[in-house]
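One structure below.
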Amino acid sequence: MSVIELQKINKVFSQKQNRFHALCDVSLSIAKGEMVAIMGTSGSGKTTLLNIIGCVDKPSEGRYLLKKQAIEKQSPKFLAQVRNQELGFVMQDFALIEYYSVKKNILLPLHYVKSHKLRKNREAKLPELLEKLRIGQKINEPVMNLSGGQKQRVAIARALINNPEIILADEPTGALDQKTSTEIIELLQVINREEGKTIILVTHDPDIAAYCDRIIRIEDGRIVIT
Ligand SMILES: Nc1ncnc2c1ncn2[C@@H]1O[C@H](COP(=O)(O)OP(=O)(O)OP(=O)(O)O)[C@@H](O)[C@H]1O
């Protein structure tokens, strides 16, 4: 079953007289439980594609079905809910609040969960998550005291706290050394294999892409290998 289906997606950025066609007729389908790498040269459209998949940006044209639900015409409020409940985000620069503790950062997405019971259930998973990600001893430390690899593990825990089906990662190892990058990609692979999460990551690094089931290659806004 495909969890993500893009049909002839186009993205045009317009500023004054300038128009830039960043994605051209992109069609692709990603199955539940797949681990996929998006690769391509700088400026080829990887982040634009991930932003559309992540409901951060809207396509100019085309259809986007997320778990069979049409996304392209939904309201900002609905999209915010999709981002919070269905998707977990991991960024190259971690996007954590440095002066908040590890715990406070991980629990942040729960602020947007309306049901008190659901919030409590998810909060109860924190010890298990900390153990899996090996950051338990740092629970009360401010994030600014952590190493890059530890920060990325906190970001992964935050992406998982709402139990989303899909994890989107934009260059998750881009700011890390080789050894730490290997640890992080192995961790993402465990999350994919053991928990069945669908993982879509952007990377420049062929060694990181090699951990994925499939590589999608993009050139000048067009998919050339899928
Ligand atoms: N908001 C925007 N307005 C205008 N042009 C944009 C905008 N966002 C992206 N672009 C252009 O779209 C193209 C694709 O950008 P994108 O960030 O998706 O590339 P990328 O493959 O992720 O690159 P990199 O590997 O360098 O991060 C680039 O030419 C970029 O300049």
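Ligands are numbered from 1 in the order shown, residues from 1 within each chain, and chains are lettered A, B, ... in the order they appear in the structure tokens.
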Hey, what does DSSP flag as strand (DSSP E) within region 1-213 of chain A? Can you give it to me as a PDB file with C-alpha atoms, in the first residue's frame?
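Written file, part_12.pdb:
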```pdb
ATOM      1  CA  SER A   2       1.374   3.419  -0.864  1.00  0.00           C
ATOM      2  CA  VAL A   3       1.372   5.989   1.938  1.00  0.00           C
ATOM      3  CA  ILE A   4       2.597   8.755  -0.333  1.00  0.00           C
ATOM      4  CA  GLU A   5       1.551   9.288  -3.899  1.00  0.00           C
ATOM      5  CA  LEU A   6       2.539  12.291  -5.979  1.00  0.00           C
ATOM      6  CA  GLN A   7       0.938  12.730  -9.383  1.00  0.00           C
ATOM      7  CA  LYS A   8       2.444  15.234 -11.831  1.00  0.00           C
ATOM      8  CA  ILE A   9       3.539  17.679  -9.154  1.00  0.00           C
ATOM      9  CA  ASN A  10       4.881  21.026 -10.346  1.00  0.00           C
ATOM     10  CA  LYS A  11       6.311  23.758  -8.157  1.00  0.00           C
ATOM     11  CA  VAL A  12       6.955  27.228  -9.497  1.00  0.00           C
ATOM     12  CA  PHE A  13       8.465  29.937  -7.292  1.00  0.00           C
ATOM     13  CA  SER A  14       7.425  33.414  -8.459  1.00  0.00           C
ATOM     14  CA  GLN A  15       9.058  36.620  -7.300  1.00  0.00           C
ATOM     15  CA  ASN A  18      11.086  35.965 -12.012  1.00  0.00           C
ATOM     16  CA  ARG A  19       9.588  32.489 -12.198  1.00  0.00           C
ATOM     17  CA  PHE A  20      11.562  29.415 -11.270  1.00  0.00           C
ATOM     18  CA  HIS A  21      10.240  25.962 -12.109  1.00  0.00           C
ATOM     19  CA  ALA A  22      11.699  23.957  -9.186  1.00  0.00           C
ATOM     20  CA  LEU A  23       9.730  20.705  -9.726  1.00  0.00           C
ATOM     21  CA  CYS A  24       8.505  19.475 -13.116  1.00  0.00           C
ATOM     22  CA  ASP A  25       5.875  16.734 -13.430  1.00  0.00           C
ATOM     23  CA  VAL A  26       7.117  14.778 -10.428  1.00  0.00           C
ATOM     24  CA  SER A  27       5.230  11.513  -9.995  1.00  0.00           C
ATOM     25  CA  LEU A  28       6.216   8.945  -7.408  1.00  0.00           C
ATOM     26  CA  SER A  29       4.791   6.502  -4.975  1.00  0.00           C
ATOM     27  CA  ILE A  30       6.257   5.424  -1.621  1.00  0.00           C
ATOM     28  CA  ALA A  31       5.003   2.282   0.088  1.00  0.00           C
ATOM     29  CA  MET A  35      13.118   3.565   3.593  1.00  0.00           C
ATOM     30  CA  VAL A  36      13.886   5.868   0.675  1.00  0.00           C
ATOM     31  CA  ALA A  37      16.746   8.272  -0.092  1.00  0.00           C
ATOM     32  CA  ILE A  38      16.269  11.347  -2.268  1.00  0.00           C
ATOM     33  CA  MET A  39      19.540  12.287  -3.969  1.00  0.00           C
ATOM     34  CA  GLU A  61      -0.030  21.918  -9.749  1.00  0.00           C
ATOM     35  CA  GLY A  62      -0.637  18.201  -9.386  1.00  0.00           C
ATOM     36  CA  ARG A  63      -2.132  15.808  -6.873  1.00  0.00           C
ATOM     37  CA  TYR A  64      -0.711  14.689  -3.543  1.00  0.00           C
ATOM     38  CA  LEU A  65      -2.310  11.776  -1.714  1.00  0.00           C
ATOM     39  CA  LEU A  66      -1.092  11.083   1.823  1.00  0.00           C
ATOM     40  CA  GLN A  69      -6.204  11.546   1.375  1.00  0.00           C
ATOM     41  CA  ALA A  70      -5.914  14.473  -1.077  1.00  0.00           C
ATOM     42  CA  LEU A  87       4.739  13.143  10.124  1.00  0.00           C
ATOM     43  CA  GLY A  88       7.941  13.383  12.145  1.00  0.00           C
ATOM     44  CA  PHE A  89      10.647  15.796  11.008  1.00  0.00           C
ATOM     45  CA  VAL A  90      14.426  15.503  11.449  1.00  0.00           C
ATOM     46  CA  MET A  91      16.580  18.377  10.165  1.00  0.00           C
ATOM     47  CA  ILE A 166       6.222   8.685   8.359  1.00  0.00           C
ATOM     48  CA  ILE A 167       9.594  10.236   9.226  1.00  0.00           C
ATOM     49  CA  LEU A 168      11.036  12.915   6.929  1.00  0.00           C
ATOM     50  CA  ALA A 169      14.710  13.738   7.320  1.00  0.00           C
ATOM     51  CA  ASP A 170      16.521  16.522   5.442  1.00  0.00           C
ATOM     52  CA  THR A 198       8.236   4.858   6.497  1.00  0.00           C
ATOM     53  CA  ILE A 199      11.407   6.952   6.256  1.00  0.00           C
ATOM     54  CA  ILE A 200      12.206   9.451   3.507  1.00  0.00           C
ATOM     55  CA  LEU A 201      15.558  11.150   3.746  1.00  0.00           C
ATOM     56  CA  VAL A 202      17.485  13.628   1.644  1.00  0.00           C
TER      57      VAL A 202
END
```
Any idea what's packed within 8 Å of region 123-127 of chain A, counting only C-alpha atoms, ignoring anything in its chain fewer than 5 positions away? Could you give it as a compact mmCIF listing (two decimals) with C-alpha atoms, in the first residue's frame?
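Everything below was put into result.txt:
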```txt
# COMPACT_ATOMS: atom_id res chain seq x y z
CA LEU A 107 7.66 16.51 24.53
CA LEU A 110 2.48 16.93 22.51
CA GLY A 136 18.26 8.69 29.15
CA ILE A 161 6.86 11.05 20.29
```
For region 190-197 of chain A, work out the shell of residues within 9 Å, counting only C-alpha atoms and skipping chain neighbours fewer than 3 positions away, then give it as a PDB file with N, CA and C atoms, in the first residue's frame.
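Contents of around_32.pdb, as written:
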```pdb
ATOM      1  N   LYS A  32       4.191   1.945   2.326  1.00  0.00           N
ATOM      2  CA  LYS A  32       4.267   1.893   3.791  1.00  0.00           C
ATOM      3  C   LYS A  32       5.463   1.016   4.192  1.00  0.00           C
ATOM      4  N   GLY A  33       6.283   1.533   5.106  1.00  0.00           N
ATOM      5  CA  GLY A  33       7.422   0.755   5.602  1.00  0.00           C
ATOM      6  C   GLY A  33       8.675   0.846   4.750  1.00  0.00           C
ATOM      7  N   GLU A  34       8.642   1.627   3.663  1.00  0.00           N
ATOM      8  CA  GLU A  34       9.852   1.783   2.844  1.00  0.00           C
ATOM      9  C   GLU A  34      10.823   2.763   3.503  1.00  0.00           C
ATOM     10  N   MET A  35      12.104   2.579   3.199  1.00  0.00           N
ATOM     11  CA  MET A  35      13.118   3.565   3.593  1.00  0.00           C
ATOM     12  C   MET A  35      13.758   4.050   2.293  1.00  0.00           C
ATOM     13  N   PRO A 164       4.185   9.006  14.683  1.00  0.00           N
ATOM     14  CA  PRO A 164       3.756   9.204  13.290  1.00  0.00           C
ATOM     15  C   PRO A 164       4.132   7.986  12.451  1.00  0.00           C
ATOM     16  N   GLU A 165       3.457   7.850  11.321  1.00  0.00           N
ATOM     17  CA  GLU A 165       3.758   6.701  10.460  1.00  0.00           C
ATOM     18  C   GLU A 165       4.968   6.997   9.554  1.00  0.00           C
ATOM     19  N   ILE A 166       5.200   8.288   9.339  1.00  0.00           N
ATOM     20  CA  ILE A 166       6.222   8.685   8.359  1.00  0.00           C
ATOM     21  C   ILE A 166       7.238   9.628   9.004  1.00  0.00           C
ATOM     22  N   ILE A 167       8.530   9.347   8.760  1.00  0.00           N
ATOM     23  CA  ILE A 167       9.594  10.236   9.226  1.00  0.00           C
ATOM     24  C   ILE A 167      10.255  10.866   8.003  1.00  0.00           C
ATOM     25  N   ILE A 185      22.340   6.872  11.052  1.00  0.00           N
ATOM     26  CA  ILE A 185      21.623   6.183   9.966  1.00  0.00           C
ATOM     27  C   ILE A 185      21.269   4.752  10.407  1.00  0.00           C
ATOM     28  N   GLU A 186      22.145   4.136  11.232  1.00  0.00           N
ATOM     29  CA  GLU A 186      21.813   2.791  11.730  1.00  0.00           C
ATOM     30  C   GLU A 186      20.591   2.842  12.648  1.00  0.00           C
ATOM     31  N   LEU A 187      20.516   3.921  13.417  1.00  0.00           N
ATOM     32  CA  LEU A 187      19.367   4.108  14.299  1.00  0.00           C
ATOM     33  C   LEU A 187      18.077   4.289  13.476  1.00  0.00           C
TER      34      LEU A 187
END
```
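Closest approach to ligand 1 from the set A:Gln81, A:Asn51, A:Asn121, A:Gln17 is made by A:Asn51, with distances taken over only C-alpha atoms and all ligand atoms.
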Report as a tab-separated table (two decimals) with N, CA and C atoms, in the first residue's frame: the residues of region 81-167 of chain A with a DSSP assignment of alpha helix (DSSP H), based on the backbone of this structure.
```tsv
chain	number	residue	atom	x	y	z
A	81	GLN	N	-2.28	19.97	11.39
A	81	GLN	CA	-2.64	18.76	12.12
A	81	GLN	C	-1.97	17.52	11.49
A	82	VAL	N	-1.95	17.48	10.17
A	82	VAL	CA	-1.28	16.37	9.47
A	82	VAL	C	0.21	16.35	9.85
A	83	ARG	N	0.83	17.53	9.84
A	83	ARG	CA	2.27	17.61	10.17
A	83	ARG	C	2.52	17.12	11.59
A	84	ASN	N	1.63	17.44	12.49
A	84	ASN	CA	1.80	17.07	13.90
A	84	ASN	C	1.53	15.59	14.16
A	85	GLN	N	0.53	15.03	13.47
A	85	GLN	CA	0.08	13.68	13.81
A	85	GLN	C	0.64	12.58	12.90
A	102	VAL	N	16.42	18.23	27.35
A	102	VAL	CA	16.16	17.13	26.41
A	102	VAL	C	14.68	16.74	26.51
A	103	LYS	N	14.20	16.56	27.73
A	103	LYS	CA	12.82	16.13	27.93
A	103	LYS	C	11.82	17.14	27.34
A	104	LYS	N	12.06	18.42	27.62
A	104	LYS	CA	11.12	19.45	27.16
A	104	LYS	C	11.09	19.52	25.63
A	105	ASN	N	12.26	19.35	25.01
A	105	ASN	CA	12.31	19.33	23.55
A	105	ASN	C	11.53	18.16	22.97
A	106	ILE	N	11.73	16.98	23.56
A	106	ILE	CA	11.07	15.78	23.01
A	106	ILE	C	9.55	15.88	23.16
A	107	LEU	N	9.10	16.47	24.27
A	107	LEU	CA	7.66	16.51	24.53
A	107	LEU	C	6.94	17.67	23.82
A	116	HIS	N	-6.43	14.92	26.30
A	116	HIS	CA	-5.58	14.80	27.48
A	116	HIS	C	-5.09	13.35	27.64
A	117	LYS	N	-6.01	12.41	27.38
A	117	LYS	CA	-5.68	10.99	27.56
A	117	LYS	C	-4.58	10.55	26.58
A	118	LEU	N	-4.75	10.96	25.33
A	118	LEU	CA	-3.77	10.62	24.30
A	118	LEU	C	-2.41	11.23	24.65
A	119	ARG	N	-2.44	12.48	25.14
A	119	ARG	CA	-1.20	13.16	25.51
A	119	ARG	C	-0.47	12.38	26.60
A	120	LYS	N	-1.23	11.95	27.59
A	120	LYS	CA	-0.65	11.21	28.72
A	120	LYS	C	-0.09	9.86	28.25
A	121	ASN	N	-0.85	9.18	27.37
A	121	ASN	CA	-0.39	7.89	26.83
A	121	ASN	C	0.93	8.03	26.11
A	122	ARG	N	1.03	9.11	25.35
A	122	ARG	CA	2.25	9.31	24.57
A	122	ARG	C	3.41	9.71	25.48
A	123	GLU	N	3.10	10.50	26.48
A	123	GLU	CA	4.13	10.92	27.42
A	123	GLU	C	4.69	9.69	28.16
A	126	LEU	N	7.85	7.92	26.96
A	126	LEU	CA	9.13	8.63	26.97
A	126	LEU	C	10.29	7.76	27.46
A	127	PRO	N	10.16	7.03	28.60
A	127	PRO	CA	11.30	6.23	29.07
A	127	PRO	C	11.78	5.21	28.03
A	128	GLU	N	10.83	4.57	27.36
A	128	GLU	CA	11.17	3.57	26.32
A	128	GLU	C	11.94	4.22	25.17
A	129	LEU	N	11.47	5.42	24.80
A	129	LEU	CA	12.08	6.15	23.70
A	129	LEU	C	13.51	6.59	24.07
A	130	LEU	N	13.66	7.06	25.31
A	130	LEU	CA	14.98	7.52	25.77
A	130	LEU	C	15.96	6.36	25.79
A	131	GLU	N	15.47	5.20	26.19
A	131	GLU	CA	16.31	4.01	26.27
A	131	GLU	C	16.74	3.59	24.86
A	132	LYS	N	15.78	3.55	23.96
A	132	LYS	CA	16.07	3.15	22.58
A	132	LYS	C	17.11	4.09	21.94
A	133	LEU	N	16.97	5.38	22.25
A	133	LEU	CA	17.86	6.36	21.62
A	133	LEU	C	19.10	6.66	22.46
A	148	GLY	N	26.73	16.76	18.82
A	148	GLY	CA	25.88	16.76	17.62
A	148	GLY	C	25.08	15.47	17.49
A	149	GLY	N	25.75	14.35	17.73
A	149	GLY	CA	25.06	13.05	17.60
A	149	GLY	C	23.95	12.91	18.63
A	150	GLN	N	24.23	13.39	19.86
A	150	GLN	CA	23.20	13.33	20.92
A	150	GLN	C	22.04	14.24	20.55
A	151	LYS	N	22.34	15.42	20.00
A	151	LYS	CA	21.26	16.35	19.60
A	151	LYS	C	20.39	15.70	18.52
A	152	GLN	N	21.03	15.02	17.58
A	152	GLN	CA	20.22	14.41	16.52
A	152	GLN	C	19.36	13.28	17.09
A	153	ARG	N	19.85	12.58	18.11
A	153	ARG	CA	19.03	11.53	18.73
A	153	ARG	C	17.83	12.16	19.46
A	154	VAL	N	18.04	13.32	20.06
A	154	VAL	CA	16.91	14.04	20.70
A	154	VAL	C	15.89	14.43	19.62
A	155	ALA	N	16.39	14.92	18.49
A	155	ALA	CA	15.49	15.33	17.40
A	155	ALA	C	14.70	14.12	16.88
A	156	ILE	N	15.35	12.96	16.83
A	156	ILE	CA	14.65	11.75	16.36
A	156	ILE	C	13.58	11.35	17.39
A	157	ALA	N	13.93	11.45	18.67
A	157	ALA	CA	12.93	11.14	19.72
A	157	ALA	C	11.73	12.08	19.61
A	158	ARG	N	12.01	13.35	19.36
A	158	ARG	CA	10.91	14.32	19.20
A	158	ARG	C	10.06	13.98	17.98
A	159	ALA	N	10.72	13.52	16.91
A	159	ALA	CA	9.97	13.14	15.70
A	159	ALA	C	9.08	11.93	15.96
A	160	LEU	N	9.47	11.10	16.95
A	160	LEU	CA	8.73	9.84	17.18
A	160	LEU	C	7.65	9.95	18.27
```
**Prompt:** Which of these residues is nearest to ligand 1, using only C-alpha atoms and all ligand atoms: A:Lys58, A:His204, A:Lys73, A:Lys67?
**Reply:** A:His204
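With only C-alpha atoms as the atoms that count, the minimum distance from Ile71 (chain A) to the choices A:Cys55, A:Thr180, A:Glu171, A:Glu86 is reached by A:Cys55.
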**Request:** Mind giving me the straight-line distance from CA of Val113 (chain A) to CA of Tyr99 (chain A) in Å, one decimal?
**Result:** 23.1 Å
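Comparing the minimum interatomic distances between ligand 1 and each of A:Pro142, A:Gly174, A:Pro109, A:Pro206, counting only C-alpha atoms and all ligand atoms, we find that A:Gly174 sits nearest.
Our summary of the geometry notes that atom 25 (O, counted along the ligand's line) of ligand 1 is positioned 11.5 Å from CA of Leu50 (chain A).
Of the listed residues A:Glu183, A:Glu72, A:Asp57, A:Glu98, the one whose atoms come nearest to ligand 1 is A:Asp57, with distances taken using only C-alpha atoms and all ligand atoms.
Counting only C-alpha atoms and all ligand atoms, the residue from A:Ile225, A:Ala175, A:Cys212, A:Ile218 that sits nearest to ligand 1 is A:Ile218.
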